[in-house]
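Please read the structure below before turning to the comments.
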Amino acid sequence: MSACAPTQPTDPARTERLHQPHSPPPGPHRRPRIAGADLSASIAVFLIALPLSLGIALATGAPLQAGLVAAAVGGLVAGSIGGCPLQVSGPAAGLTVVTADLIHQYGWRTTCAITVLAGLAQLGLGCLRVARSALAVSPAIVHGMLAGIGVTIAVAQAHIVLGGTPQSSVLANLRALPAQLADVHPAAVAVSALTLTLLLLWPRIPGRAGRALRRIPGALVSVAGATVAAALAGLSLPRVDLPSWSSHALAGLPEGPVLGLAAAVLSTTLVCSVQSLLGAVAVDKLVAARPGPATRIRRADLNRELLGQGAANIVSGSLGGLPVAGVAVRSSSNVKAGAVSRHSTMLHGVLVVIAALLMVPLLERVPLAALAALVMAVGIQMVSLHHIRTVTRHREVPVYAVTTLGVVCLGVLQGVALGIAVAVAVALRRLARTRITHEEREAVHHVRVRGQLTFLAVPRLSRVLHLVPQGAHAVVELDGSFMDHAAYESLQDWRNTHTARGGSAEVTGRRTGARGTGTAPRTGAGERRDGSSLDCRCRPWTPWRNHRCEGPGSAPSTDAADAAGALDGPDGPDSHRDRRPGHQLVRGISAFQRNTAPRVRDELARLAREGQQPSQLFLTCADSRVVTSMITSSGPGDLFVVRNVGNLVPLPGGEGDDSVAAAIEYAVDVLKVRSITVCGHSGCGAMQALLTAGPGGAATPLGRWLRHGLPSLERVADGGRPPARLADRDPADAVERLCLANVVQQLEHLRAHESVARALREHALELHGMYFQVGEAQAYLLAGADGDEVFGHVAAAGLSGTPGPGKM
């Protein structure tokens, strides 16, 4: 029986019997409950957000209260409106460079106004529902942008760590670094070193005590420890200065050149949006990997998340706060702490508000050097070795390097623009880079094309094809996923010419004639309306077929390496050598995720929302050669499938397995299927065993199960009953005769089930018999004709040779 998730029954009385009683509906004024996991997670996130918000505000040169405002607004506004419930928003390290540059050029009030305008732009993008287009940005560009920002942050904060003041740009900071090293402030260096040491060692405390202590965030421990040490040592250091909230600067009217302001709004919108959307996707992955109730949290709605971020930036800018974006460190901590709803994010915002109002005297004891060391560590971590290894593996190092250097030397917007340009150039180079080889093996000329076949490769393709002598047999192997119109016509013209001159040519390939060609449409298996056969047929993934795609008429390859080369696994072209079943399953799943899942995801999402409503129950054998979706041309949600050895339907009330009866009852009474089909097949091992063992059978699980097929055996032996037969021929042997009789017998067993009998009396159900001849790939439907049980073969327009599929 196929795995299924029970859908909502349409019969209320049936619901009472099949499901647990529903709890009473909540009252109209019922207050929302806050889970204990959300409360504990909000405290953990708050303890991380408090020092980081102050540190990021310090790094940008903004008023320190601006970091607290952004953290509170991010938690309350973005947390309540956004489409990713567990993502925590606030001042982000990725925005530090952009904000610092804006404050330097336009001042604080205009920077707040730019934040408001960026929020309005995000609202517009969210209303246009273009959020997913941000995911089209190459990960190498995003990682390069973050790495460039991290380098900029680290270099700037190094001056504060050494007791000095950072300059306005990376190059200026680098030029001033030797002088700063010559004038080191020992107290600042000592506090910074203690902060970094605690931050590095705290997560590595061993033992049971270490596991308990690690629940306290390392950021809080490092800053608090440095603060206490500085106070006990009586060090004279610059500390956090939080003026009265009455003097806090709010947003003003933007002042400056229009083009400059527009570029500032664009860069702020770009960085805020991309970082938030990618963060939401990352949070989805973290939630999916977490066991337990968290897996029931809905996937992020990216357009709604963009609306939430836009609203948060409008409020934060209006209140004199920093720009807001999703923050990876706080979001991952929120998920790992066990948060189950958006209440944790919002509560963290409430805690920030309380701290900003009641903890000012305590916060003003924190040395600026400790915050600078914390932010410098965050900047260093943004240059991720994992990301570098990933872009190296995907051969996108130029994109990453150019983006990083562009952000460091020119700015975020300019660096991202350079990265996009290099990414486009790399993509065009890959599209144009096609390897075409020719070799002769056993009097057969093999032309292999590796890569995308576009008009840029046509001259080389034509040159290699003309190396094939006239009258020779040639095989053109296309190992790519795209072929444009120019390449298609060139290959077709050569093939027609070569064939006309006495030669023969076969075209095979993994994706030959794919949708991207834009050429003649298919009319049949491997054929097009113009008579060509450039299309391919993808076969199942069993070892002897090995996912091989071949054109019609092409013989199976005898070259093992060539036959397996059509499916390059995750480890490259040689991965086919490991043919263990587990690896085949992994490769099959990988192929599904890569090729099929994108095409069926929308339909499966609809079925997940609306529940299954199949119109047919399809009961067939567990034989691996009977692929129900293939022989019925059905898709997700079409068939409710029950499979067992021998496609048997036990009589109700007997001893043995009740799973088939349960599936029948569920399908008829709950799903309200309109038809039930029993499908047998040729060469059925169960029928062969039944025929061999006879009425006695063996006292094994298989033998006990096959006893449900004894009435079929008796039906064949009963000379008084007309034998089931095929319309175009007699059964080939005794096994096929038993297979046909078994289908008819199981239909009689179906009638004995109460739910089926009732539905038949109400004319709400039809019963059908079906037989699949495996060797001929031919399907037959059962129809009544003059009292005989006749299986007529199914042609293109329906049954041929019988009146139709007839009601049983």
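Labels used: A, B, ... for chains in the order of the structure tokens, numbers from 1 for residues in each chain, and numbers from 1 for ligands as shown.
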
Which parts of region 374-471 of chain A does DSSP call strand (DSSP E) when run on the backbone here, written out as a PyMOL selection string?
-> chain A and resi 435-441+444-450

Non-local contacts of region 37-44 of chain A (12 Å; only C-alpha atoms; under 6 positions in same chain excluded) as a PyMOL selection string | chain A and resi 50+75-76+79+85-88+214-220+293-294+329-352+355

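If you look at CA of Ala121 (chain A) and CA of Ile149 (chain A), they are 22.8 Å away from each other.
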
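Restricting the calculation to only C-alpha atoms, the smallest distance between Leu726 (chain A) and any of A:Ala757, A:Leu747, A:Leu782, A:Leu648 is found for A:Leu782.
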
Can you list, as a list in words, every protein, DNA or RNA residue that comes within 7 Å of region 449-461 of chain A when you count only C-alpha atoms, leaving out same-chain residues fewer than 3 positions away?
-> Leu431, Ala432, Arg433, Thr434, Arg435, Ile436, Thr437, Val464, Leu465, Glu477, Leu478, Asp479, Gly480, Ser481, Phe482, Met483, Asp484, Ala486 and Ala487 of chain A

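The nearest approach to Pro367 (chain A) among the residues A:Ala224, A:Cys112, A:Ala732, A:Leu690, with only C-alpha atoms taken into account, belongs to A:Ala224.
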
Among listed residues A:Arg609, A:His763, A:Arg725, A:His387, nearest Tyr400 (chain A) (using only C-alpha atoms) |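 Among the listed residues, A:His387 lies closest to Tyr400 (chain A).
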
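Excluding Val184 (chain A) and any residue on its chain fewer than 6 positions from it, the residues at most 12 Å away by only C-alpha atoms are A:Ala158, A:His159, A:Ile160, A:Val161, A:Leu162, A:Gly163, A:Gly164, A:Thr165, A:Leu177, A:Pro178, A:Ala190.
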
Could you list, with a cut-off of 10 Å and counting only C-alpha atoms, the residues of region 192-243 of chain A near region 369-381 of chain A, each shown with its nearest atom pair and the distance in Å rounded to one decimal, rows sorted by chain and ascending number, as CSV?
```
residue,atom,partner,partner_atom,distance
A:Ser192,CA,A:Ala370,CA,5.2
A:Ala193,CA,A:Ala373,CA,7.8
A:Leu194,CA,A:Ala370,CA,8.3
A:Thr195,CA,A:Ala370,CA,5.8
A:Leu196,CA,A:Ala373,CA,6.4
A:Leu199,CA,A:Leu374,CA,7.9
A:Leu200,CA,A:Ala377,CA,9.3
A:Gly218,CA,A:Leu374,CA,10.0
A:Ala219,CA,A:Leu374,CA,7.1
A:Leu220,CA,A:Leu374,CA,9.7
A:Ser222,CA,A:Ala370,CA,7.9
A:Val223,CA,A:Ala370,CA,5.7
A:Ala224,CA,A:Ala370,CA,8.8
A:Gly225,CA,A:Ala370,CA,9.3
A:Ala226,CA,A:Ala370,CA,6.4
A:Thr227,CA,A:Ala370,CA,7.5
A:Ala230,CA,A:Ala370,CA,9.8
A:Leu237,CA,A:Ala369,CA,8.0
A:Pro238,CA,A:Ala369,CA,7.7
A:Arg239,CA,A:Ala369,CA,8.1
A:Val240,CA,A:Leu371,CA,9.1
```

Emit the selected residues as a PDB file, in the first residue's frame, including N, CA and C atoms.
```pdb
ATOM      1  N   SER A 192      40.807  44.430  24.656  1.00  0.00           N
ATOM      2  CA  SER A 192      40.446  43.784  23.390  1.00  0.00           C
ATOM      3  C   SER A 192      40.939  42.347  23.345  1.00  0.00           C
ATOM      4  N   ALA A 193      42.185  42.132  23.821  1.00  0.00           N
ATOM      5  CA  ALA A 193      42.728  40.772  23.822  1.00  0.00           C
ATOM      6  C   ALA A 193      41.920  39.863  24.734  1.00  0.00           C
ATOM      7  N   LEU A 194      41.511  40.380  25.903  1.00  0.00           N
ATOM      8  CA  LEU A 194      40.689  39.578  26.803  1.00  0.00           C
ATOM      9  C   LEU A 194      39.335  39.252  26.162  1.00  0.00           C
ATOM     10  N   THR A 195      38.744  40.223  25.471  1.00  0.00           N
ATOM     11  CA  THR A 195      37.453  39.993  24.794  1.00  0.00           C
ATOM     12  C   THR A 195      37.587  38.895  23.741  1.00  0.00           C
ATOM     13  N   LEU A 196      38.618  38.985  22.915  1.00  0.00           N
ATOM     14  CA  LEU A 196      38.805  37.987  21.852  1.00  0.00           C
ATOM     15  C   LEU A 196      39.119  36.612  22.438  1.00  0.00           C
ATOM     16  N   LEU A 199      35.917  35.156  23.771  1.00  0.00           N
ATOM     17  CA  LEU A 199      35.050  34.823  22.640  1.00  0.00           C
ATOM     18  C   LEU A 199      35.516  33.545  21.949  1.00  0.00           C
ATOM     19  N   LEU A 200      36.830  33.334  21.890  1.00  0.00           N
ATOM     20  CA  LEU A 200      37.374  32.155  21.224  1.00  0.00           C
ATOM     21  C   LEU A 200      37.289  30.907  22.087  1.00  0.00           C
ATOM     22  N   GLY A 218      28.529  33.482  23.901  1.00  0.00           N
ATOM     23  CA  GLY A 218      29.912  33.917  24.025  1.00  0.00           C
ATOM     24  C   GLY A 218      30.087  35.416  23.864  1.00  0.00           C
ATOM     25  N   ALA A 219      29.254  36.054  23.035  1.00  0.00           N
ATOM     26  CA  ALA A 219      29.366  37.508  22.849  1.00  0.00           C
ATOM     27  C   ALA A 219      29.111  38.235  24.157  1.00  0.00           C
ATOM     28  N   LEU A 220      28.097  37.795  24.896  1.00  0.00           N
ATOM     29  CA  LEU A 220      27.794  38.442  26.178  1.00  0.00           C
ATOM     30  C   LEU A 220      28.900  38.179  27.186  1.00  0.00           C
ATOM     31  N   SER A 222      32.097  37.524  26.681  1.00  0.00           N
ATOM     32  CA  SER A 222      33.339  38.228  26.367  1.00  0.00           C
ATOM     33  C   SER A 222      33.249  39.709  26.716  1.00  0.00           C
ATOM     34  N   VAL A 223      32.146  40.368  26.362  1.00  0.00           N
ATOM     35  CA  VAL A 223      32.011  41.791  26.654  1.00  0.00           C
ATOM     36  C   VAL A 223      31.854  42.021  28.158  1.00  0.00           C
ATOM     37  N   ALA A 224      31.042  41.182  28.816  1.00  0.00           N
ATOM     38  CA  ALA A 224      30.857  41.340  30.262  1.00  0.00           C
ATOM     39  C   ALA A 224      32.155  41.070  31.016  1.00  0.00           C
ATOM     40  N   GLY A 225      32.885  40.044  30.606  1.00  0.00           N
ATOM     41  CA  GLY A 225      34.160  39.746  31.263  1.00  0.00           C
ATOM     42  C   GLY A 225      35.165  40.859  31.096  1.00  0.00           C
ATOM     43  N   ALA A 226      35.259  41.415  29.896  1.00  0.00           N
ATOM     44  CA  ALA A 226      36.187  42.520  29.675  1.00  0.00           C
ATOM     45  C   ALA A 226      35.773  43.756  30.475  1.00  0.00           C
ATOM     46  N   THR A 227      34.469  43.981  30.580  1.00  0.00           N
ATOM     47  CA  THR A 227      33.981  45.131  31.351  1.00  0.00           C
ATOM     48  C   THR A 227      34.320  44.994  32.823  1.00  0.00           C
ATOM     49  N   ALA A 230      38.121  45.413  33.311  1.00  0.00           N
ATOM     50  CA  ALA A 230      38.545  46.811  33.208  1.00  0.00           C
ATOM     51  C   ALA A 230      38.152  47.601  34.448  1.00  0.00           C
ATOM     52  N   LEU A 237      39.564  54.099  30.066  1.00  0.00           N
ATOM     53  CA  LEU A 237      39.282  53.793  28.665  1.00  0.00           C
ATOM     54  C   LEU A 237      38.016  54.506  28.223  1.00  0.00           C
ATOM     55  N   PRO A 238      37.909  54.826  26.921  1.00  0.00           N
ATOM     56  CA  PRO A 238      36.623  55.348  26.410  1.00  0.00           C
ATOM     57  C   PRO A 238      35.546  54.280  26.575  1.00  0.00           C
ATOM     58  N   ARG A 239      34.387  54.698  27.064  1.00  0.00           N
ATOM     59  CA  ARG A 239      33.308  53.760  27.319  1.00  0.00           C
ATOM     60  C   ARG A 239      32.055  54.172  26.551  1.00  0.00           C
ATOM     61  N   VAL A 240      31.054  53.296  26.602  1.00  0.00           N
ATOM     62  CA  VAL A 240      29.790  53.559  25.926  1.00  0.00           C
ATOM     63  C   VAL A 240      29.164  54.817  26.505  1.00  0.00           C
TER      64      VAL A 240
END
```

Closest of A:Leu174, A:His185, A:Ala661, A:Ala356 to Phe46 (chain A) - atom-to-atom distances counting only C-alpha atoms |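 Using only C-alpha atoms, the shortest distance to Phe46 (chain A) belongs to A:Ala356.
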
Could you jot down the CA of Ser133 (chain A) to CA of His386 (chain A) separation for me, Å, one decimal place?
-> 24.8 Å

Rank A:Gly680, A:Gly308, A:Pro398, A:Pro652 by their smallest atom-to-atom distance to Ile81 (chain A), using only C-alpha atoms, and report the top residue only.
->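 Closest residue, counting only C-alpha atoms: A:Gly308.
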
I'd like the contact shell of region 254-263 of chain A - 9 Å cut-off, only C-alpha atoms, skipping same-chain residues fewer than 6 positions apart - returned as a tab-separated table (two decimals) with N, CA, C and O atoms, in the first residue's frame.
```tsv
chain	number	residue	atom	x	y	z
A	105	GLN	N	29.19	60.83	4.33
A	105	GLN	CA	28.89	61.73	3.21
A	105	GLN	C	27.74	62.69	3.52
A	105	GLN	O	27.81	63.87	3.19
A	106	TYR	N	26.68	62.20	4.15
A	106	TYR	CA	25.45	62.99	4.26
A	106	TYR	C	25.06	63.36	5.70
A	106	TYR	O	24.14	64.15	5.90
A	109	ARG	N	21.14	62.51	10.10
A	109	ARG	CA	19.73	62.70	9.82
A	109	ARG	C	19.38	62.28	8.39
A	109	ARG	O	18.34	61.64	8.14
A	110	THR	N	20.21	62.64	7.43
A	110	THR	CA	19.96	62.24	6.04
A	110	THR	C	20.09	60.73	5.88
A	110	THR	O	19.36	60.10	5.12
A	111	THR	N	21.02	60.10	6.63
A	111	THR	CA	21.14	58.65	6.59
A	111	THR	C	19.86	57.98	7.06
A	111	THR	O	19.40	56.98	6.48
A	112	CYS	N	19.23	58.54	8.11
A	112	CYS	CA	17.94	58.00	8.57
A	112	CYS	C	16.88	58.14	7.48
A	112	CYS	O	16.06	57.24	7.27
A	113	ALA	N	16.89	59.29	6.78
A	113	ALA	CA	15.92	59.49	5.70
A	113	ALA	C	16.15	58.48	4.57
A	113	ALA	O	15.20	57.95	3.98
A	114	ILE	N	17.42	58.20	4.28
A	114	ILE	CA	17.73	57.20	3.24
A	114	ILE	C	17.23	55.83	3.68
A	114	ILE	O	16.73	55.05	2.86
A	413	LEU	N	28.11	48.80	-3.62
A	413	LEU	CA	27.37	48.80	-4.88
A	413	LEU	C	28.28	48.57	-6.06
A	413	LEU	O	27.99	47.78	-6.97
```

What separation in Å, quoted to one decimal, exists between CA of Leu368 (chain A) and CA of Leu232 (chain A)?
->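 One can read the CA of Leu368 (chain A) to CA of Leu232 (chain A) distance as 16.5 Å.
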
Determine which residues of region 250-384 of chain A receive a DSSP assignment of alpha helix (DSSP H), computed from the backbone, and state them as a PyMOL selection string.
-> chain A and resi 258-289+302-318+328-336+343-358+360-363+368-381
